[in-house]
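Data first, discussion second: the structure below is written as structure tokens.
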There are 2 protein chains.
Amino acid sequence: MKMGDAGKTVRLGILGLGNRGFEQTKLLSSMPDVRIQAVYDPCPDRVERMVRALSDRVSYPTAPAGGEDELLSREDIDAVVIMTDWESHIRLAIRAMEMGKHAGLEVGGACSVQECWDLVRTAQRTGMGCMLLENCCYNREEMALLNMVRDGLFGEIVHCQGGYEHDLRDEIGFGDKNRHYRQHHFAARNGELYPTHELGPIGLYLDLNGKNRMLSLVSMASKAVGLSQWLKEHRGDRPDLQAHRFTEGDVVTTMIRCARGETILLTHDCTLPRPYSRGGRIQGTKAIWMEDNRSIYVDGVTAHQAQDFSHSWESDAPYMDRYESGLWKQYREFGLRGGHGGMDYLVLRGFIEAIQQGTPMPIDVYYTAALMAITPLSEQSIACGSLPVAIPDFTEGKWLTGRPQAVGPYRLTQ
Amino acid sequence: MKMGDAGKTVRLGILGLGNRGFEQTKLLSSMPDVRIQAVYDPCPDRVERMVRALSDRVSYPTAPAGGEDELLSREDIDAVVIMTDWESHIRLAIRAMEMGKHAGLEVGGACSVQECWDLVRTAQRTGMGCMLLENCCYNREEMALLNMVRDGLFGEIVHCQGGYEHDLRDEIGFGDKNRHYRQHHFAARNGELYPTHELGPIGLYLDLNGKNRMLSLVSMASKAVGLSQWLKEHRGDRPDLQAHRFTEGDVVTTMIRCARGETILLTHDCTLPRPYSRGGRIQGTKAIWMEDNRSIYVDGVTAHQAQDFSHSWESDAPYMDRYESGLWKQYREFGLRGGHGGMDYLVLRGFIEAIQQGTPMPIDVYYTAALMAITPLSEQSIACGSLPVAIPDFTEGKWLTGRPQAVGPYRLTQ
């Protein structure tokens with residue numbers, strides 16, 4: 001990446017100006033080689049706030065009166081960043097590509113497997129880039145772990161775990177279903193709603209769509225009582241919310257089996273009290289890493305302690321330093337910026353620079369579709385009593401002989 | 001429990017004198033109200049070692065030349081402790097009850113669901129006690145956690161996890177299949193081979209067979225490469241072992257759904273490098289506990305830290321002290337003894353004292369069958385591509401109105 005070096009200016013349209021859209025747009029507008037041409041959100045107050053926040057910028061964005069379609073049909077836009085509600089990400093990305101724009105999608109699961117296929121077909125037909133803006137693929141720890149995997153530290157990888165374990169009762173409980181992207185999903189769906197933060201990096205460790213792919217999954221949901229109990233205690237003002245029967249299980253567990261025999265375990269856990277975790281775990285024939293105690297154990301390397309059970313953990317911090325990606329070394333010198341510890345900036349740069357250089361998206365449409373499809377597939381499995389469900393091969397066999405697009409997010413570590 | 005106070009002498013026969021049988025028999029023989037009448041193992045050297053080790057005891061055991069059957073038919077034996085290979089536990093327990101002896105079974109999964117039914121039917125028909133000697137139900141931490149659950153610290157329980165995460169490559173790899181109980185299971189089975197250490201306590205938290213039961217499970221197995229790779233490096237002397245294609249997946253994950261909507265996640269992980277863990281987790285509407293970082297988070301109680309994600313863990317140690325069971329307080333005063341931090345002694349006392357008092361076994365035959373059946377059920381699920389499998393209700397509806405036997409392991413905490 002070129003970091004601060006301005007390349008060819010990329011002209012952006014922005015769809016969705018909630019809190020996430022607001023912050024990411026400000027961050028994008030701070031890049032010298034990015035121009036925000038137009039912004040849109042159905043809520044006028046959000047548009048106004050955004051335009052006001054950017055009013056000191058050289059490139060002052062406009063807010064198209066005609067909404068999404070007017071924005072997408074503009075000639076002076078190269079690409080669109082979509083930060084709307086989950087259920088419109090794919091629809092808008094398809095529409096953007098059809099209008100000749102590259103599409104960057106904020107994270108979130110799909111609503112149907114078919115729309116994932118439509119996304120792939122549209123990218124294939126139009127030749128436009130489509131990238132899931134999965135920031136966790138660019139996090140310092142996840143990128144260091146990818147280096148450890150590639151360096152063979154773990155030996156042959158056998159099993160990975162990850163989760164989105166984040167107490168969101170406050171956010172969902174005080175959200176307004178007309179303006180908040182999560183609440184109505186928890187109200188009426190039951191599945192792995194948010195798999196990409198953990199599965200994005202895990203897929204890199206397992207070389208998914210490289211020389212591997214996900215074959216099938218099974219999901220199981222616990223009862224849904226966390227949010228209801230929270231609402232009873234905190235939303236006396238909203239008897240309608242208190243009376244609502246939320247459907248999303250408090251803990252949804254998903255097991256995935258891969259073509260090369262690895263298993264992946266995902267946990268979605270957002271409506272019970274808990275500290276935040278992405279619940280990472282990597283297990284191979286030579287080592288295990290676990291996020292929840294920030295530890296690693298390397299066979300024959302980690303010192304044994306004279307205890308009943310003779311193995312003990314060591315801190316993962318020295319490994320994170322030793323295996324730090326070149327990108328992060330560069331980035332720390334350049335100066336971290338943006339949200340979530342700096343990874344938000346990197347994922348946006350990945351998108352912008354692929355457009356500038358005319359290279360494939362670092363997280364391509366096949367990978368995007370594979371990650372997003374987990375959500376509707378997990379709903380199907382749960383709806384059928386935890387039946388195993390086949391996971392489509394969106395590359396249609398191209399994974400067998402290498403990456404369907406030449407690069408993949410892998411170049412990030414070079 | 002009466003601890004050191006000798007009650008009516010219980011006269012025991014012992015089947016199985018491997019390392020476990022040897023240690024547990026020595027421990028039993030140290031109890032003033034227990035007399036080891038006879039011991040048996042098909043390996044003569046083990047019998048000899050055992051008899052030698054007990055030769056200074058008041059009650060010198062004999063080794064019946066006629067084997068199991070001769071031992072089981074003796075009139076001077078009240079009960080049998082079965083510590084043979086996994087696949088003979090149930091067969092021998094059934095035979096013991098038929099011969100009018102109470103049966104204590106060392107842990108391990110069943111080989112078929114039918115033999116679990118046979119175990120239940122035999123206990124019902126003969127009126128003899130049958131107890132899985134699940135020591136972890138008697139561990140200090142697990143018993144304290146049960147008190148926390150009952151005290152409402154966790155609110156409504158939603159999800160539990162546990163595992164048998166124990167690097168046994170050494171033990172299995174150097175074992176001899178004719179004398180070691182694990183190796184041939186890993187060689188030819190694929191399932192949750194050893195669920196009871198974690199599921200025993202979890203079942204108490206969830207009141208299984210009390211007012212709840214397990215409805216269905218799904219299992220998934222990773223590839224099996226850990227043991228083979230280890231053998232290649234460590235058993236150059238055994239080309240037959242090196243060439244063998246082991247079937248037990250390195251990581252086997254099982255999801256269980258309960259009648260009241262809770263989910264349980266089990267992990268069997270014995271052939272990859274890792275520190276030991278039983279991977280415990282309890283999640284409710286008010287708190288979460290996690291073994292791997294020895295921490296707890298209680299909603300509104302655990303102090304928040306000013307971080308990006310505003311919740312943080314606190315050590316579980318003060319909670320383990322505050323909620324320590326009365327039994328453990330007594331036990332510490334009495335003086336811990338026996339293996340595995342003291343719990344081995346307690347589980348044996350649970351068995352002995354139920355016989356002395358003529359009360360139901362603290363871990364009864366219904367609970368024993370439910371735990372042991374998980375193994376063949378998980379094999380079925382994996383064999384059918386992770387199909388969901390129904391879990392039998394061995395109580396045949398008695399759980400709906402309370403415990404099928406009056407007591408259950410619950411009295412231990414009183």
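Naming works like this for the structure tokens: A, B, ... for the chains as they're shown, residue 1 at the start of each chain, ligands 1 onward in shown order.
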Shell of 9 Å around region 335-346 of chain B, only C-alpha atoms, local chain residues under 2 positions omitted, as a list of chain:residue names: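 What passes the distance filter is A:Asp308, B:Met1, B:Met3, B:Glu23, B:Gln24, B:Leu27, B:Leu28, B:Leu133, B:Glu134, B:Asn135, B:Cys136, B:Cys137, B:Tyr138, B:Asn139, B:Arg140, B:Gln330, B:Tyr331, B:Arg332, B:Glu333, B:Leu348, B:Arg349, B:Gly350, B:Phe351.
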Can you write out as a Markdown table which residues of chain B fall within 8 Å of chain A, alongside each residue's closest atom pair and its distance in Å to one decimal, counting only C-alpha atoms and ordering rows by chain and ascending residue number?
```
| residue | atom | partner | partner_atom | distance |
| --- | --- | --- | --- | --- |
| B:Val158 | CA | A:Ser222 | CA | 6.5 |
| B:His159 | CA | A:Ser222 | CA | 6.8 |
| B:Val218 | CA | A:Ser386 | CA | 7.4 |
| B:Met220 | CA | A:Met255 | CA | 7.1 |
| B:Ala221 | CA | A:Thr263 | CA | 7.1 |
| B:Ser222 | CA | A:Thr263 | CA | 5.1 |
| B:Lys223 | CA | A:Gly261 | CA | 4.7 |
| B:Val225 | CA | A:Thr285 | CA | 7.3 |
| B:Gly226 | CA | A:Thr285 | CA | 5.3 |
| B:Gln229 | CA | A:Thr285 | CA | 7.5 |
| B:Asp250 | CA | A:Val158 | CA | 7.4 |
| B:Val251 | CA | A:His159 | CA | 6.9 |
| B:Thr253 | CA | A:Met255 | CA | 7.8 |
| B:Met255 | CA | A:Met220 | CA | 7.1 |
| B:Arg257 | CA | A:Ser222 | CA | 7.4 |
| B:Arg260 | CA | A:Lys223 | CA | 7.9 |
| B:Gly261 | CA | A:Lys223 | CA | 4.7 |
| B:Glu262 | CA | A:Ser222 | CA | 5.2 |
| B:Thr263 | CA | A:Ser222 | CA | 5.1 |
| B:Leu272 | CA | A:Thr285 | CA | 5.5 |
| B:Pro273 | CA | A:Ala287 | CA | 5.9 |
| B:Arg274 | CA | A:Ile288 | CA | 6.2 |
| B:Pro275 | CA | A:His311 | CA | 4.6 |
| B:Tyr276 | CA | A:Phe309 | CA | 6.2 |
| B:Gln283 | CA | A:Leu272 | CA | 7.6 |
| B:Gly284 | CA | A:Leu272 | CA | 6.9 |
| B:Thr285 | CA | A:Gly226 | CA | 5.3 |
| B:Lys286 | CA | A:Pro273 | CA | 6.2 |
| B:Ala287 | CA | A:Pro273 | CA | 5.9 |
| B:Ile288 | CA | A:Arg274 | CA | 6.2 |
| B:Asp292 | CA | A:Asn293 | CA | 6.6 |
| B:Asn293 | CA | A:Asn293 | CA | 5.3 |
| B:Tyr297 | CA | A:Arg274 | CA | 6.2 |
| B:Val298 | CA | A:Pro273 | CA | 7.5 |
| B:Asp299 | CA | A:Pro273 | CA | 6.0 |
| B:Phe309 | CA | A:Tyr276 | CA | 6.2 |
| B:Ser310 | CA | A:Pro275 | CA | 7.4 |
| B:His311 | CA | A:Pro275 | CA | 4.6 |
| B:Ser312 | CA | A:Pro275 | CA | 5.2 |
| B:Trp313 | CA | A:Pro275 | CA | 6.6 |
| B:Gly385 | CA | A:Pro388 | CA | 7.3 |
| B:Ser386 | CA | A:Pro388 | CA | 6.2 |
| B:Leu387 | CA | A:Leu387 | CA | 5.9 |
| B:Pro388 | CA | A:Leu387 | CA | 6.1 |
```
Quick check, in Å to one decimal: how far apart do CA of Asp85 (chain B) and CA of Tyr181 (chain B) lie?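 These two atoms are separated by 4.8 Å.
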Considering only C-alpha atoms, state which residue in the set A:Ala96, A:Arg11, A:Glu192, A:His89 is at the smallest distance from Gly127 (chain A).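 With only C-alpha atoms as the atom set, the closest residue is A:Ala96.
The shell of residues at most 9 Å from Asn209 (chain B), with only C-alpha atoms counted and near chain neighbours (fewer than 4 positions) removed, consists of Gly203, Leu204, Arg213, Met214, Tyr366, Tyr367, Ala370, Asp393, Phe394, Thr395, Lys398, Trp399, Leu400, Gly402, Arg403 and Pro404 of chain B.
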List the neighbours of Leu71 (chain B) out to 12 Å using only C-alpha atoms; skip same-chain residues closer than 6 positions along the sequence, and give me the result as a PDB file with N, CA, C and O atoms, in the first residue's frame.
```
ATOM      1  N   LEU B  12     -16.151 -54.922  48.661  1.00  0.00           N
ATOM      2  CA  LEU B  12     -16.031 -54.619  47.229  1.00  0.00           C
ATOM      3  C   LEU B  12     -15.290 -55.685  46.440  1.00  0.00           C
ATOM      4  O   LEU B  12     -14.332 -56.285  46.921  1.00  0.00           O
ATOM      5  N   GLY B  13     -15.734 -55.837  45.207  1.00  0.00           N
ATOM      6  CA  GLY B  13     -14.938 -56.510  44.190  1.00  0.00           C
ATOM      7  C   GLY B  13     -14.468 -55.465  43.186  1.00  0.00           C
ATOM      8  O   GLY B  13     -15.164 -54.493  42.916  1.00  0.00           O
ATOM      9  N   ILE B  14     -13.261 -55.672  42.688  1.00  0.00           N
ATOM     10  CA  ILE B  14     -12.687 -54.700  41.751  1.00  0.00           C
ATOM     11  C   ILE B  14     -12.426 -55.383  40.417  1.00  0.00           C
ATOM     12  O   ILE B  14     -11.759 -56.423  40.359  1.00  0.00           O
ATOM     13  N   LEU B  15     -12.912 -54.775  39.336  1.00  0.00           N
ATOM     14  CA  LEU B  15     -12.616 -55.269  37.990  1.00  0.00           C
ATOM     15  C   LEU B  15     -11.826 -54.211  37.240  1.00  0.00           C
ATOM     16  O   LEU B  15     -12.270 -53.074  37.108  1.00  0.00           O
ATOM     17  N   GLY B  16     -10.656 -54.591  36.777  1.00  0.00           N
ATOM     18  CA  GLY B  16      -9.834 -53.638  36.021  1.00  0.00           C
ATOM     19  C   GLY B  16      -8.752 -53.038  36.884  1.00  0.00           C
ATOM     20  O   GLY B  16      -9.037 -52.256  37.792  1.00  0.00           O
ATOM     21  N   ILE B  36     -11.747 -54.568  50.458  1.00  0.00           N
ATOM     22  CA  ILE B  36     -11.550 -55.088  49.099  1.00  0.00           C
ATOM     23  C   ILE B  36     -11.498 -56.611  49.203  1.00  0.00           C
ATOM     24  O   ILE B  36     -10.517 -57.168  49.690  1.00  0.00           O
ATOM     25  N   GLN B  37     -12.541 -57.268  48.730  1.00  0.00           N
ATOM     26  CA  GLN B  37     -12.612 -58.734  48.866  1.00  0.00           C
ATOM     27  C   GLN B  37     -11.878 -59.462  47.747  1.00  0.00           C
ATOM     28  O   GLN B  37     -11.258 -60.489  47.977  1.00  0.00           O
ATOM     29  N   ALA B  38     -12.016 -58.916  46.540  1.00  0.00           N
ATOM     30  CA  ALA B  38     -11.407 -59.628  45.407  1.00  0.00           C
ATOM     31  C   ALA B  38     -11.114 -58.635  44.293  1.00  0.00           C
ATOM     32  O   ALA B  38     -11.813 -57.639  44.138  1.00  0.00           O
ATOM     33  N   VAL B  39     -10.056 -58.903  43.572  1.00  0.00           N
ATOM     34  CA  VAL B  39      -9.676 -58.050  42.448  1.00  0.00           C
ATOM     35  C   VAL B  39      -9.436 -58.930  41.233  1.00  0.00           C
ATOM     36  O   VAL B  39      -9.018 -60.082  41.353  1.00  0.00           O
ATOM     37  N   TYR B  40      -9.703 -58.356  40.054  1.00  0.00           N
ATOM     38  CA  TYR B  40      -9.463 -59.140  38.841  1.00  0.00           C
ATOM     39  C   TYR B  40      -9.056 -58.252  37.668  1.00  0.00           C
ATOM     40  O   TYR B  40      -9.553 -57.131  37.494  1.00  0.00           O
ATOM     41  N   ASP B  41      -8.153 -58.762  36.874  1.00  0.00           N
ATOM     42  CA  ASP B  41      -7.769 -58.147  35.601  1.00  0.00           C
ATOM     43  C   ASP B  41      -7.248 -59.269  34.721  1.00  0.00           C
ATOM     44  O   ASP B  41      -6.594 -60.192  35.235  1.00  0.00           O
ATOM     45  N   PRO B  61      -7.037 -58.875  49.647  1.00  0.00           N
ATOM     46  CA  PRO B  61      -7.943 -59.334  48.598  1.00  0.00           C
ATOM     47  C   PRO B  61      -7.433 -60.597  47.919  1.00  0.00           C
ATOM     48  O   PRO B  61      -6.228 -60.854  47.892  1.00  0.00           O
ATOM     49  N   THR B  62      -8.342 -61.334  47.373  1.00  0.00           N
ATOM     50  CA  THR B  62      -7.966 -62.510  46.596  1.00  0.00           C
ATOM     51  C   THR B  62      -8.186 -62.238  45.118  1.00  0.00           C
ATOM     52  O   THR B  62      -8.927 -61.331  44.750  1.00  0.00           O
ATOM     53  N   ALA B  63      -7.530 -63.017  44.292  1.00  0.00           N
ATOM     54  CA  ALA B  63      -7.660 -62.876  42.851  1.00  0.00           C
ATOM     55  C   ALA B  63      -8.316 -64.126  42.299  1.00  0.00           C
ATOM     56  O   ALA B  63      -7.679 -65.165  42.223  1.00  0.00           O
ATOM     57  N   PRO B  64      -9.590 -64.047  41.964  1.00  0.00           N
ATOM     58  CA  PRO B  64     -10.303 -65.262  41.570  1.00  0.00           C
ATOM     59  C   PRO B  64      -9.756 -65.849  40.280  1.00  0.00           C
ATOM     60  O   PRO B  64      -9.605 -65.131  39.288  1.00  0.00           O
ATOM     61  N   ALA B  65      -9.467 -67.104  40.303  1.00  0.00           N
ATOM     62  CA  ALA B  65      -8.909 -67.760  39.124  1.00  0.00           C
ATOM     63  C   ALA B  65      -9.930 -67.807  37.997  1.00  0.00           C
ATOM     64  O   ALA B  65      -9.589 -67.769  36.825  1.00  0.00           O
ATOM     65  N   ILE B  77     -19.609 -60.170  48.501  1.00  0.00           N
ATOM     66  CA  ILE B  77     -19.345 -58.876  47.856  1.00  0.00           C
ATOM     67  C   ILE B  77     -20.651 -58.100  47.741  1.00  0.00           C
ATOM     68  O   ILE B  77     -21.664 -58.635  47.281  1.00  0.00           O
ATOM     69  N   ASP B  78     -20.641 -56.828  48.205  1.00  0.00           N
ATOM     70  CA  ASP B  78     -21.846 -55.984  48.117  1.00  0.00           C
ATOM     71  C   ASP B  78     -21.908 -55.207  46.811  1.00  0.00           C
ATOM     72  O   ASP B  78     -22.981 -54.910  46.304  1.00  0.00           O
ATOM     73  N   ALA B  79     -20.725 -54.849  46.332  1.00  0.00           N
ATOM     74  CA  ALA B  79     -20.687 -53.952  45.177  1.00  0.00           C
ATOM     75  C   ALA B  79     -19.404 -54.145  44.395  1.00  0.00           C
ATOM     76  O   ALA B  79     -18.414 -54.660  44.926  1.00  0.00           O
ATOM     77  N   VAL B  80     -19.453 -53.732  43.140  1.00  0.00           N
ATOM     78  CA  VAL B  80     -18.296 -53.882  42.256  1.00  0.00           C
ATOM     79  C   VAL B  80     -17.904 -52.519  41.700  1.00  0.00           C
ATOM     80  O   VAL B  80     -18.770 -51.728  41.330  1.00  0.00           O
ATOM     81  N   VAL B  81     -16.611 -52.258  41.674  1.00  0.00           N
ATOM     82  CA  VAL B  81     -16.126 -51.048  41.009  1.00  0.00           C
ATOM     83  C   VAL B  81     -15.430 -51.479  39.720  1.00  0.00           C
ATOM     84  O   VAL B  81     -14.478 -52.273  39.752  1.00  0.00           O
ATOM     85  N   ILE B  82     -15.939 -50.957  38.591  1.00  0.00           N
ATOM     86  CA  ILE B  82     -15.520 -51.419  37.261  1.00  0.00           C
ATOM     87  C   ILE B  82     -14.592 -50.390  36.637  1.00  0.00           C
ATOM     88  O   ILE B  82     -14.993 -49.274  36.341  1.00  0.00           O
ATOM     89  N   LEU B  92     -20.319 -55.307  32.112  1.00  0.00           N
ATOM     90  CA  LEU B  92     -19.964 -55.804  33.447  1.00  0.00           C
ATOM     91  C   LEU B  92     -20.909 -55.249  34.519  1.00  0.00           C
ATOM     92  O   LEU B  92     -21.243 -55.946  35.484  1.00  0.00           O
ATOM     93  N   ARG B  95     -24.048 -57.284  34.373  1.00  0.00           N
ATOM     94  CA  ARG B  95     -23.791 -58.610  34.952  1.00  0.00           C
ATOM     95  C   ARG B  95     -23.716 -58.512  36.484  1.00  0.00           C
ATOM     96  O   ARG B  95     -24.266 -59.358  37.192  1.00  0.00           O
ATOM     97  N   ALA B  96     -23.083 -57.452  36.973  1.00  0.00           N
ATOM     98  CA  ALA B  96     -22.960 -57.272  38.423  1.00  0.00           C
ATOM     99  C   ALA B  96     -24.340 -57.106  39.060  1.00  0.00           C
ATOM    100  O   ALA B  96     -24.653 -57.747  40.083  1.00  0.00           O
ATOM    101  N   MET B  99     -26.232 -60.174  39.363  1.00  0.00           N
ATOM    102  CA  MET B  99     -25.720 -61.031  40.435  1.00  0.00           C
ATOM    103  C   MET B  99     -25.961 -60.407  41.811  1.00  0.00           C
ATOM    104  O   MET B  99     -25.359 -60.840  42.801  1.00  0.00           O
ATOM    105  N   LYS B 101     -25.241 -57.265  42.879  1.00  0.00           N
ATOM    106  CA  LYS B 101     -24.223 -56.314  43.336  1.00  0.00           C
ATOM    107  C   LYS B 101     -24.528 -54.915  42.808  1.00  0.00           C
ATOM    108  O   LYS B 101     -24.919 -54.754  41.656  1.00  0.00           O
TER     109      LYS B 101
END
```
Near Glu98 (chain A), within 12 Å and counting only C-alpha atoms, which residues show up once chain neighbours fewer than 4 positions away are dropped, as a list in words?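 My list of contacting residues is Asp69, Leu72, Ser73, Ala79, Val80, Arg91, Leu92, Ala93, Ile94, His102, Ala103, Asp118, Leu119, Arg121, Thr122, Ala123, Gln124, Arg125, Thr126, Gly127, Met128, Gly129 and Cys130 of chain A.
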Which neighbours of region 51-54 of chain B fall inside 9 Å, counting only C-alpha atoms, when residues of the same chain fewer than 3 positions from it are skipped, and could you give them as a ChimeraX atom specification? /B:22,25-26,29,39,46-48,57-63
Calculated over only C-alpha atoms, which of the candidates B:Pro239, B:Pro44, B:Pro392, B:Gly104 has the smallest distance to Arg179 (chain B)? B:Pro44
Compile the contact shell of Gly173 (chain A) as a list of chain:residue names: residues with an atom at most 10 Å away, counting only C-alpha atoms, same-chain residues fewer than 4 positions apart removed.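 After dropping sequence-adjacent residues, the list is A:Leu168, A:Arg169, A:Lys177, A:Arg182, A:Gln183, A:Leu227, A:Ser228, A:Trp230, A:Leu231, A:His234, A:Arg235, A:Arg238, A:Leu241, A:Gln242, A:Thr271.
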Writing out the chosen residues with C-alpha atoms as a short mmCIF file (atom, residue, chain, number, x, y, z; two decimals), in the first residue's frame:
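Full text of result10.cif as output:
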```cif
data_model
loop_
_atom_site.label_atom_id
_atom_site.label_comp_id
_atom_site.auth_asym_id
_atom_site.auth_seq_id
_atom_site.Cartn_x
_atom_site.Cartn_y
_atom_site.Cartn_z
CA LEU A 168 -25.37 -5.40 22.24
CA ARG A 169 -28.48 -5.39 24.42
CA LYS A 177 -36.19 -0.35 14.09
CA ARG A 182 -29.82 -4.65 13.84
CA GLN A 183 -33.07 -4.62 15.81
CA LEU A 227 -32.96 -9.29 25.13
CA SER A 228 -36.50 -9.74 26.47
CA TRP A 230 -33.14 -6.72 29.41
CA LEU A 231 -36.06 -4.85 27.84
CA HIS A 234 -34.75 -1.01 30.83
CA ARG A 235 -37.56 -0.10 28.47
CA ARG A 238 -41.82 0.84 25.34
CA LEU A 241 -40.82 -3.74 22.63
CA GLN A 242 -41.27 -5.48 25.95
CA THR A 271 -27.83 -10.56 23.77
#
```
Could you tell me how far CA of Lys329 (chain A) sits from CA of Arg20 (chain A), in Å to one decimal place?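 Atom-to-atom, CA of Arg20 (chain A) to CA of Lys329 (chain A), that is 26.4 Å.
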Atom pair CA of Ile282 (chain A) / CA of Asn147 (chain A): separation (Å):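 So the answer is 12.7 Å.
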From the DSSP assignment of the backbone, select every residue of region 8-223 of chain A that is strand (DSSP E), and format the answer as JSON, numbers by chain. {"A": [10, 11, 12, 13, 14, 15, 34, 35, 36, 37, 38, 39, 40, 79, 80, 81, 82, 102, 103, 104, 105, 130, 131, 132, 157, 158, 159, 160, 161, 162, 163, 164, 165, 214, 215, 216, 217, 218, 219, 220, 221]}
Give me, as a PyMOL selection string, the residues of region 221-355 of chain A that a backbone DSSP run labels helix (DSSP H, G or I). chain A and resi 226-234+239-243+317-322+326-334+340-355
